[in-house]
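Here is the structure we will look at.
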2 protein chains.
Amino acid sequence: MVEKKQIRKAAHRTGNRSVRMRNTLKILSAAEKVFAEKGFDGATTQQIADIAKLPKSNVHYYFKTKRDIYLALMQSIMAPWLESFQAISADDDPGDALAGYVRRKVMLSRERPLASRIFANEMIRGAPVLSDFLRNELRKWVEEKAQIVKQWSEKGKMDDVSAEHLFTIIWAATQTYADFEIQIKSVLGRQHLESEDYDAAADLITRMVLRGCGISQSNSEQAQQRPTTLDQLVR
Amino acid sequence: MVEKKQIRKAAHRTGNRSVRMRNTLKILSAAEKVFAEKGFDGATTQQIADIAKLPKSNVHYYFKTKRDIYLALMQSIMAPWLESFQAISADDDPGDALAGYVRRKVMLSRERPLASRIFANEMIRGAPVLSDFLRNELRKWVEEKAQIVKQWSEKGKMDDVSAEHLFTIIWAATQTYADFEIQIKSVLGRQHLESEDYDAAADLITRMVLRGCGISQSNSEQAQQRPTTLDQLVR
DNA sequence: TCAAATTCTGACCAACTGGTCAACATGCGG
DNA sequence: CCGCATGTTGACCAGTTGGTCAGAATTTGA
């Protein structure tokens with residue numbers, strides 16, 4: 001039955017993608033830009049509608065309120081964040097695990113800078129929407145990782161550092177390449193940040209993290225490429 | 001003559017502080033809170049007026065436009081920033097210089113978190129107001145420090161690291177304790193961040209920076225206390 | 001004391017805000 | 001072809017926005 005329903009729904013689609021889906025993505029993609037630059041209070045539904053190339057009333061047909069757009073967007077933003085969470089298990093080599101995590105976070109800053117900025121705005125505002133996430137999921141995750149760090153340090157694989165502060169610093173150092181991109185471009189004297197810049201960032205952060213934790217330099221180093229923006233999902 | 005003018009001006013004051021000065025500070029103090037939480041576009045002059053406990057039209061008597069408030073505020077914010085800039089000369093011991101700089105930046109995040117958040121908002125927006133500052137003063141400062149770092153590394157006092165990325169990471173790691181305070185409080189399971197938290201942060205960041213630069217741990221460690229908010233200037 | 005400068009403020013304005021709604025268009029299955 | 005669900009939209013609304021202004025209150029120096 002569920003299958004039948006899905007088939008019928010599929011029939012409604014144009015080019016294998018329903019109008020609803022396409023417009024929803026258009027709106028979220030536009031909202032991503034506006035919320036990232038203006039923050040929640042500064043963003044206007046009119047501007048979102050303009051960028052999405054839809055009448056404002058059409059935007060309100062898909063999302064009742066501005067807050068609903070923001071909530072939906074926040075969900076789509078947190079998904080990759082939570083993904084990058086998984087990694088780092090007790091069996092891993094701490095050097096490899098941390099180096100990989102740093103590199104993944106830097107690449108996420110490169111691929112989805114707008115998402116990072118919206119998250120930053122949400123934190124600066126005092127996390128009115130994400131406070132539950134912070135107190136539950138995030139805190140639980142850090143507690144788990146703190147235990148792993150403890151195990152690693154007990155085995156003499158690394159120093160006994162505060163996992164809470166360690167990850168705080170890793171997040172700050174990696175996300176700054178999205179949030180403060182303009183400052184970094186100015187300081188580097190560049191018009192755009194290139195692959196080499198992100199690699200240099202990941203390398204230095206990794207070095208600081210590993211040495212700061214008393215871990216001898218890891219040997220596995222490799223860059224990835226996987227661009228994904230909401231824009232590309234809209235086509 | 002200049003002296004005479006100053007004396008006459010002083011006579012205008014009430015309690016050794018002119019009405020103009022006092023109200024200007026009241027407005028800037030209120031604006032600091034609103035701009036920090038809402039960003040430039042989200043902030044309203046009405047809310048600033050309410051917090052300052054002045055009629056909106058009185059606010060506009062001192063500052064013609066919202067942008068003027070923002071500009072004046074930005075100037076008062078950048079002053080301590082530029083102060084903490086000085087330090088770090090070629091004669092210094094790199095370990096002491098960097099450790100001191102990190103500690104000063106962390107304390108600044110503690111003492112003026114709102115200022116840090118406004119700066120962060122400005123960067124996220126693409127620095128419409130501070131782009132000149134970034135391209136000129138900031139870049140020049142980093143170039144100078146890059147030369148110092150070079151000298152240090154040539155003398156074998158530290159590794160040859162990119163000063164641009166190094167300071168980018170230091171800024172990110174230290175300012176995150178102001179900008180992302182709520183995230184850090186959630187992760188640490190605290191209601192408020194205490195002295196010990198900022199000390200732990202400064203210690204870990206310092207350790208990561210020094211070891212990341214190949215500098216043996218410094219010996220001079222000391223905490224400071226010097227709270228300064230716009231609020232206190234208003235009385 | 002008094003005229004001038006400064007400070008204060010309610011009333012007001014055009015533009016815009018988030019959001020509603022009724023009428024209309026479209027595309028589908030049958 | 002019809003009837004219905006889905007999608008579209010301009011007109012509209014009350015409240016808010018940044019900002020102006022005329023006139024009143026006050027503080028000033030002499």
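Chain labels A, B, ... are given in the sequence in which chains occur in the structure tokens; within each chain residues are numbered consecutively from 1, and ligands are likewise numbered from 1 in the order shown.
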
Considering only C-alpha atoms (C1' of nucleotides), extract the chain A residues located within 8 Å of chain D and return them as a PyMOL selection string.
chain A and resi 55+57-58

Taking only C-alpha atoms (C1' of nucleotides) into account, which residues of chain C are within 9 Å of chain A, as a ChimeraX atom specification?
/C:17-19,27-28

Per residue of chain A within 7 Å of chain B, record the nearest atom pair and its distance in Å to one decimal, counting only C-alpha atoms, with rows in chain order and ascending residue number, as JSON lines.
{"residue": "A:Glu37", "atom": "CA", "partner": "B:Arg125", "partner_atom": "CA", "distance": 4.9}
{"residue": "A:Lys38", "atom": "CA", "partner": "B:Asp41", "partner_atom": "CA", "distance": 6.2}
{"residue": "A:Gly39", "atom": "CA", "partner": "B:Gly39", "partner_atom": "CA", "distance": 6.7}
{"residue": "A:Asp41", "atom": "CA", "partner": "B:Gly42", "partner_atom": "CA", "distance": 4.4}
{"residue": "A:Gly42", "atom": "CA", "partner": "B:Gly42", "partner_atom": "CA", "distance": 3.8}
{"residue": "A:Arg117", "atom": "CA", "partner": "B:Ile124", "partner_atom": "CA", "distance": 6.4}
{"residue": "A:Met123", "atom": "CA", "partner": "B:Phe180", "partner_atom": "CA", "distance": 5.5}
{"residue": "A:Ile124", "atom": "CA", "partner": "B:Asp179", "partner_atom": "CA", "distance": 5.5}
{"residue": "A:Arg125", "atom": "CA", "partner": "B:Glu37", "partner_atom": "CA", "distance": 4.9}
{"residue": "A:Gly126", "atom": "CA", "partner": "B:Ile182", "partner_atom": "CA", "distance": 6.0}
{"residue": "A:Leu134", "atom": "CA", "partner": "B:Ser186", "partner_atom": "CA", "distance": 5.8}
{"residue": "A:Arg135", "atom": "CA", "partner": "B:Ser186", "partner_atom": "CA", "distance": 5.3}
{"residue": "A:Leu138", "atom": "CA", "partner": "B:Val187", "partner_atom": "CA", "distance": 6.9}
{"residue": "A:Arg139", "atom": "CA", "partner": "B:Val187", "partner_atom": "CA", "distance": 4.8}
{"residue": "A:Val142", "atom": "CA", "partner": "B:Val187", "partner_atom": "CA", "distance": 6.9}
{"residue": "A:Glu164", "atom": "CA", "partner": "B:Val187", "partner_atom": "CA", "distance": 6.5}
{"residue": "A:His165", "atom": "CA", "partner": "B:Ala201", "partner_atom": "CA", "distance": 6.3}
{"residue": "A:Thr168", "atom": "CA", "partner": "B:Ile184", "partner_atom": "CA", "distance": 6.9}
{"residue": "A:Ile169", "atom": "CA", "partner": "B:Ala173", "partner_atom": "CA", "distance": 5.1}
{"residue": "A:Ala172", "atom": "CA", "partner": "B:Ala172", "partner_atom": "CA", "distance": 5.4}
{"residue": "A:Ala173", "atom": "CA", "partner": "B:Ile169", "partner_atom": "CA", "distance": 5.1}
{"residue": "A:Thr176", "atom": "CA", "partner": "B:Ala172", "partner_atom": "CA", "distance": 6.0}
{"residue": "A:Asp179", "atom": "CA", "partner": "B:Ile124", "partner_atom": "CA", "distance": 5.4}
{"residue": "A:Phe180", "atom": "CA", "partner": "B:Met123", "partner_atom": "CA", "distance": 5.5}
{"residue": "A:Ile182", "atom": "CA", "partner": "B:Gly126", "partner_atom": "CA", "distance": 6.0}
{"residue": "A:Gln183", "atom": "CA", "partner": "B:Leu134", "partner_atom": "CA", "distance": 6.3}
{"residue": "A:Ile184", "atom": "CA", "partner": "B:Thr168", "partner_atom": "CA", "distance": 6.9}
{"residue": "A:Ser186", "atom": "CA", "partner": "B:Arg135", "partner_atom": "CA", "distance": 5.3}
{"residue": "A:Val187", "atom": "CA", "partner": "B:Arg139", "partner_atom": "CA", "distance": 4.8}
{"residue": "A:Leu188", "atom": "CA", "partner": "B:Glu164", "partner_atom": "CA", "distance": 6.5}
{"residue": "A:Ala201", "atom": "CA", "partner": "B:His165", "partner_atom": "CA", "distance": 6.3}
{"residue": "A:Arg207", "atom": "CA", "partner": "B:Gly212", "partner_atom": "CA", "distance": 5.6}
{"residue": "A:Met208", "atom": "CA", "partner": "B:Gly212", "partner_atom": "CA", "distance": 4.0}
{"residue": "A:Val209", "atom": "CA", "partner": "B:Met208", "partner_atom": "CA", "distance": 6.0}
{"residue": "A:Arg211", "atom": "CA", "partner": "B:Arg211", "partner_atom": "CA", "distance": 5.6}
{"residue": "A:Gly212", "atom": "CA", "partner": "B:Met208", "partner_atom": "CA", "distance": 4.0}

Secondary structure check, helix (DSSP H, G or I) residues of stretch 49-147 of chain B, as a short mmCIF file (atom, residue, chain, number, x, y, z; two decimals) with N, CA, C and O atoms, in the first residue's frame:
data_model
loop_
_atom_site.label_atom_id
_atom_site.label_comp_id
_atom_site.auth_asym_id
_atom_site.auth_seq_id
_atom_site.Cartn_x
_atom_site.Cartn_y
_atom_site.Cartn_z
N ALA B 49 16.39 52.44 21.55
CA ALA B 49 15.85 53.54 22.36
C ALA B 49 15.24 53.00 23.65
O ALA B 49 15.46 53.55 24.73
N ASP B 50 14.49 51.92 23.54
CA ASP B 50 13.85 51.34 24.73
C ASP B 50 14.88 50.94 25.77
O ASP B 50 14.74 51.26 26.95
N ILE B 51 15.92 50.22 25.33
CA ILE B 51 16.94 49.76 26.27
C ILE B 51 17.70 50.95 26.86
O ILE B 51 18.07 50.95 28.03
N ALA B 52 17.94 51.96 26.04
CA ALA B 52 18.64 53.16 26.52
C ALA B 52 17.71 54.02 27.38
O ALA B 52 18.16 54.98 28.00
N LYS B 56 12.66 57.48 21.03
CA LYS B 56 13.36 57.22 19.77
C LYS B 56 13.87 58.51 19.13
O LYS B 56 14.98 58.56 18.60
N SER B 57 13.04 59.56 19.21
CA SER B 57 13.45 60.82 18.57
C SER B 57 14.68 61.42 19.25
O SER B 57 15.45 62.15 18.63
N ASN B 58 14.84 61.10 20.53
CA ASN B 58 16.03 61.59 21.23
C ASN B 58 17.27 60.85 20.74
O ASN B 58 18.35 61.44 20.63
N VAL B 59 17.10 59.59 20.46
CA VAL B 59 18.22 58.82 19.90
C VAL B 59 18.64 59.43 18.56
O VAL B 59 19.82 59.62 18.29
N HIS B 60 17.63 59.79 17.77
CA HIS B 60 17.95 60.37 16.46
C HIS B 60 18.50 61.79 16.57
O HIS B 60 18.99 62.34 15.59
N TYR B 61 18.35 62.39 17.75
CA TYR B 61 18.97 63.70 17.94
C TYR B 61 20.50 63.56 18.02
O TYR B 61 21.24 64.39 17.51
N TYR B 62 20.94 62.47 18.63
CA TYR B 62 22.38 62.25 18.78
C TYR B 62 22.99 61.53 17.58
O TYR B 62 24.13 61.77 17.23
N LYS B 66 20.60 54.95 11.83
CA LYS B 66 20.99 53.69 12.47
C LYS B 66 22.43 53.36 12.11
O LYS B 66 23.21 52.90 12.95
N ARG B 67 22.78 53.62 10.87
CA ARG B 67 24.14 53.34 10.42
C ARG B 67 25.16 54.16 11.22
O ARG B 67 26.26 53.67 11.51
N ASP B 68 24.81 55.40 11.56
CA ASP B 68 25.72 56.23 12.35
C ASP B 68 25.97 55.62 13.72
O ASP B 68 27.09 55.64 14.23
N ILE B 69 24.91 55.10 14.33
CA ILE B 69 25.09 54.42 15.62
C ILE B 69 26.06 53.26 15.44
O ILE B 69 27.00 53.09 16.21
N TYR B 70 25.81 52.48 14.40
CA TYR B 70 26.63 51.30 14.13
C TYR B 70 28.09 51.68 13.91
O TYR B 70 28.99 51.03 14.45
N LEU B 71 28.31 52.75 13.16
CA LEU B 71 29.69 53.18 12.89
C LEU B 71 30.39 53.62 14.16
O LEU B 71 31.53 53.22 14.42
N ALA B 72 29.69 54.44 14.97
CA ALA B 72 30.29 54.90 16.23
C ALA B 72 30.60 53.72 17.13
O ALA B 72 31.67 53.63 17.75
N LEU B 73 29.66 52.77 17.18
CA LEU B 73 29.85 51.59 18.02
C LEU B 73 31.05 50.78 17.53
O LEU B 73 31.87 50.31 18.33
N MET B 74 31.13 50.62 16.24
CA MET B 74 32.22 49.83 15.66
C MET B 74 33.58 50.43 16.03
O MET B 74 34.52 49.71 16.34
N GLN B 75 33.63 51.76 16.03
CA GLN B 75 34.89 52.41 16.41
C GLN B 75 35.27 52.08 17.84
O GLN B 75 36.42 51.74 18.14
N SER B 76 34.28 52.16 18.74
CA SER B 76 34.56 51.88 20.15
C SER B 76 34.93 50.42 20.35
O SER B 76 35.61 50.07 21.31
N ILE B 77 34.46 49.57 19.45
CA ILE B 77 34.76 48.15 19.56
C ILE B 77 36.17 47.85 19.07
O ILE B 77 36.88 47.02 19.64
N MET B 78 36.56 48.53 18.01
CA MET B 78 37.85 48.21 17.40
C MET B 78 39.03 48.70 18.24
O MET B 78 40.14 48.19 18.10
N ALA B 79 38.79 49.67 19.11
CA ALA B 79 39.89 50.24 19.90
C ALA B 79 40.65 49.17 20.70
O ALA B 79 41.88 49.06 20.54
N PRO B 80 39.97 48.38 21.54
CA PRO B 80 40.70 47.36 22.30
C PRO B 80 41.34 46.31 21.38
O PRO B 80 42.41 45.79 21.66
N TRP B 81 40.65 46.01 20.31
CA TRP B 81 41.18 45.08 19.32
C TRP B 81 42.55 45.56 18.85
O TRP B 81 43.53 44.83 18.85
N LEU B 82 42.58 46.83 18.44
CA LEU B 82 43.83 47.39 17.92
C LEU B 82 44.90 47.45 19.01
O LEU B 82 46.08 47.26 18.73
N GLU B 83 44.47 47.70 20.25
CA GLU B 83 45.43 47.68 21.36
C GLU B 83 46.12 46.33 21.45
O GLU B 83 47.34 46.25 21.48
N SER B 84 45.31 45.28 21.51
CA SER B 84 45.88 43.93 21.66
C SER B 84 46.76 43.60 20.47
O SER B 84 47.49 42.61 20.48
N PHE B 85 46.66 44.44 19.45
CA PHE B 85 47.48 44.26 18.25
C PHE B 85 48.95 44.54 18.52
O PHE B 85 49.82 43.82 18.06
N PRO B 94 59.27 34.09 21.25
CA PRO B 94 58.03 33.70 20.54
C PRO B 94 57.04 33.00 21.46
O PRO B 94 55.83 33.25 21.37
N GLY B 95 57.53 32.15 22.34
CA GLY B 95 56.62 31.45 23.25
C GLY B 95 55.86 32.41 24.14
O GLY B 95 54.64 32.36 24.25
N ASP B 96 56.60 33.33 24.77
CA ASP B 96 55.96 34.30 25.65
C ASP B 96 55.00 35.19 24.87
O ASP B 96 53.88 35.46 25.31
N ALA B 97 55.45 35.67 23.73
CA ALA B 97 54.64 36.59 22.94
C ALA B 97 53.32 35.95 22.52
O ALA B 97 52.25 36.54 22.71
N LEU B 98 53.40 34.75 21.98
CA LEU B 98 52.17 34.09 21.51
C LEU B 98 51.28 33.69 22.68
O LEU B 98 50.06 33.87 22.63
N ALA B 99 51.89 33.17 23.75
CA ALA B 99 51.09 32.79 24.92
C ALA B 99 50.37 34.00 25.49
O ALA B 99 49.18 33.94 25.82
N GLY B 100 51.08 35.12 25.58
CA GLY B 100 50.46 36.34 26.10
C GLY B 100 49.35 36.83 25.19
O GLY B 100 48.29 37.24 25.67
N TYR B 101 49.60 36.76 23.90
CA TYR B 101 48.58 37.23 22.95
C TYR B 101 47.31 36.38 23.06
O TYR B 101 46.20 36.91 23.11
N VAL B 102 47.48 35.07 23.11
CA VAL B 102 46.32 34.18 23.25
C VAL B 102 45.55 34.51 24.52
O VAL B 102 44.32 34.65 24.51
N ARG B 103 46.28 34.66 25.62
CA ARG B 103 45.61 34.92 26.88
C ARG B 103 44.86 36.25 26.84
O ARG B 103 43.72 36.36 27.31
N ARG B 104 45.48 37.26 26.26
CA ARG B 104 44.81 38.56 26.17
C ARG B 104 43.54 38.47 25.33
O ARG B 104 42.51 39.04 25.66
N LYS B 105 43.62 37.73 24.22
CA LYS B 105 42.44 37.59 23.35
C LYS B 105 41.33 36.82 24.06
O LYS B 105 40.15 37.15 23.92
N VAL B 106 41.66 35.79 24.80
CA VAL B 106 40.64 35.04 25.53
C VAL B 106 39.98 35.93 26.57
O VAL B 106 38.74 35.93 26.72
N MET B 107 40.78 36.73 27.28
CA MET B 107 40.21 37.61 28.30
C MET B 107 39.32 38.67 27.65
O MET B 107 38.30 39.06 28.21
N LEU B 108 39.70 39.12 26.46
CA LEU B 108 38.87 40.09 25.74
C LEU B 108 37.52 39.46 25.39
O LEU B 108 36.48 40.12 25.44
N SER B 109 37.54 38.18 25.05
CA SER B 109 36.28 37.48 24.75
C SER B 109 35.41 37.40 25.99
O SER B 109 34.19 37.43 25.90
N ARG B 110 36.05 37.30 27.13
CA ARG B 110 35.30 37.21 28.37
C ARG B 110 34.75 38.58 28.77
O ARG B 110 33.61 38.69 29.21
N GLU B 111 35.58 39.60 28.61
CA GLU B 111 35.20 40.93 29.09
C GLU B 111 34.24 41.64 28.15
O GLU B 111 33.38 42.40 28.59
N PRO B 113 32.14 40.23 25.34
CA PRO B 113 31.58 39.24 24.40
C PRO B 113 30.67 39.89 23.35
O PRO B 113 30.64 39.45 22.20
N LEU B 114 29.95 40.93 23.75
CA LEU B 114 29.04 41.57 22.80
C LEU B 114 29.83 42.20 21.65
O LEU B 114 29.42 42.09 20.48
N ALA B 115 30.94 42.84 21.99
CA ALA B 115 31.78 43.43 20.95
C ALA B 115 32.24 42.36 19.97
O ALA B 115 32.20 42.55 18.75
N SER B 116 32.65 41.23 20.52
CA SER B 116 33.11 40.14 19.66
C SER B 116 32.00 39.67 18.72
O SER B 116 32.23 39.39 17.54
N ARG B 117 30.78 39.61 19.26
CA ARG B 117 29.66 39.12 18.44
C ARG B 117 29.31 40.10 17.33
O ARG B 117 28.93 39.71 16.23
N ILE B 118 29.40 41.39 17.64
CA ILE B 118 29.13 42.39 16.61
C ILE B 118 30.17 42.28 15.50
O ILE B 118 29.84 42.33 14.32
N PHE B 119 31.41 42.10 15.91
CA PHE B 119 32.47 41.92 14.92
C PHE B 119 32.19 40.68 14.07
O PHE B 119 32.32 40.70 12.84
N ALA B 120 31.80 39.60 14.72
CA ALA B 120 31.50 38.37 13.99
C ALA B 120 30.36 38.59 13.00
O ALA B 120 30.44 38.17 11.84
N ASN B 121 29.32 39.27 13.44
CA ASN B 121 28.21 39.59 12.54
C ASN B 121 28.69 40.39 11.33
O ASN B 121 28.28 40.13 10.20
N GLU B 122 29.56 41.34 11.60
CA GLU B 122 30.08 42.17 10.51
C GLU B 122 30.85 41.32 9.50
O GLU B 122 30.72 41.51 8.29
N MET B 123 31.62 40.38 9.97
CA MET B 123 32.37 39.50 9.07
C MET B 123 31.43 38.61 8.27
O MET B 123 31.57 38.47 7.06
N ILE B 124 30.44 38.04 8.96
CA ILE B 124 29.50 37.14 8.29
C ILE B 124 28.75 37.87 7.19
O ILE B 124 28.46 37.33 6.14
N SER B 131 35.50 46.59 5.56
CA SER B 131 36.33 46.02 4.48
C SER B 131 37.64 46.80 4.33
O SER B 131 38.69 46.20 4.08
N ASP B 132 37.58 48.12 4.48
CA ASP B 132 38.81 48.91 4.39
C ASP B 132 39.78 48.53 5.50
O ASP B 132 40.98 48.35 5.25
N PHE B 133 39.25 48.40 6.71
CA PHE B 133 40.08 48.00 7.83
C PHE B 133 40.77 46.66 7.56
O PHE B 133 41.97 46.50 7.81
N LEU B 134 40.02 45.71 7.02
CA LEU B 134 40.59 44.40 6.74
C LEU B 134 41.71 44.49 5.70
O LEU B 134 42.79 43.93 5.88
N ARG B 135 41.42 45.23 4.63
CA ARG B 135 42.39 45.30 3.52
C ARG B 135 43.62 46.11 3.88
O ARG B 135 44.69 45.89 3.31
N ASN B 136 43.48 47.08 4.78
CA ASN B 136 44.61 47.94 5.10
C ASN B 136 45.26 47.60 6.45
O ASN B 136 46.23 46.85 6.48
N GLU B 137 44.69 48.13 7.53
CA GLU B 137 45.30 47.92 8.84
C GLU B 137 45.56 46.44 9.12
O GLU B 137 46.69 46.06 9.44
N LEU B 138 44.53 45.62 9.05
CA LEU B 138 44.67 44.23 9.46
C LEU B 138 45.70 43.50 8.61
O LEU B 138 46.58 42.80 9.12
N ARG B 139 45.58 43.70 7.30
CA ARG B 139 46.51 42.99 6.43
C ARG B 139 47.95 43.42 6.69
O ARG B 139 48.86 42.60 6.73
N LYS B 140 48.14 44.73 6.88
CA LYS B 140 49.48 45.26 7.15
C LYS B 140 50.02 44.64 8.44
O LYS B 140 51.18 44.23 8.51
N TRP B 141 49.16 44.58 9.46
CA TRP B 141 49.59 44.02 10.73
C TRP B 141 50.05 42.57 10.57
O TRP B 141 51.11 42.18 11.07
N VAL B 142 49.26 41.81 9.84
CA VAL B 142 49.61 40.40 9.65
C VAL B 142 50.91 40.28 8.85
O VAL B 142 51.75 39.43 9.14
N GLU B 143 51.07 41.15 7.88
CA GLU B 143 52.32 41.11 7.10
C GLU B 143 53.53 41.37 7.99
O GLU B 143 54.56 40.71 7.88
N GLU B 144 53.38 42.33 8.88
CA GLU B 144 54.47 42.61 9.83
C GLU B 144 54.77 41.40 10.69
O GLU B 144 55.93 41.00 10.85
N LYS B 145 53.69 40.84 11.24
CA LYS B 145 53.88 39.68 12.12
C LYS B 145 54.46 38.50 11.34
O LYS B 145 55.21 37.70 11.89
N ALA B 146 54.10 38.42 10.07
CA ALA B 146 54.64 37.33 9.25
C ALA B 146 56.15 37.45 9.15
O ALA B 146 56.88 36.44 9.18
N GLN B 147 56.63 38.69 9.05
CA GLN B 147 58.08 38.89 8.98
C GLN B 147 58.74 38.50 10.30
O GLN B 147 59.82 37.88 10.30
#

Rounded to one decimal in Å, what is the spacing between atom CA of B:Gln47 and atom CA of B:Val34?
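Value for the atom CA of B:Gln47-atom CA of B:Val34 distance: 7.3 Å.
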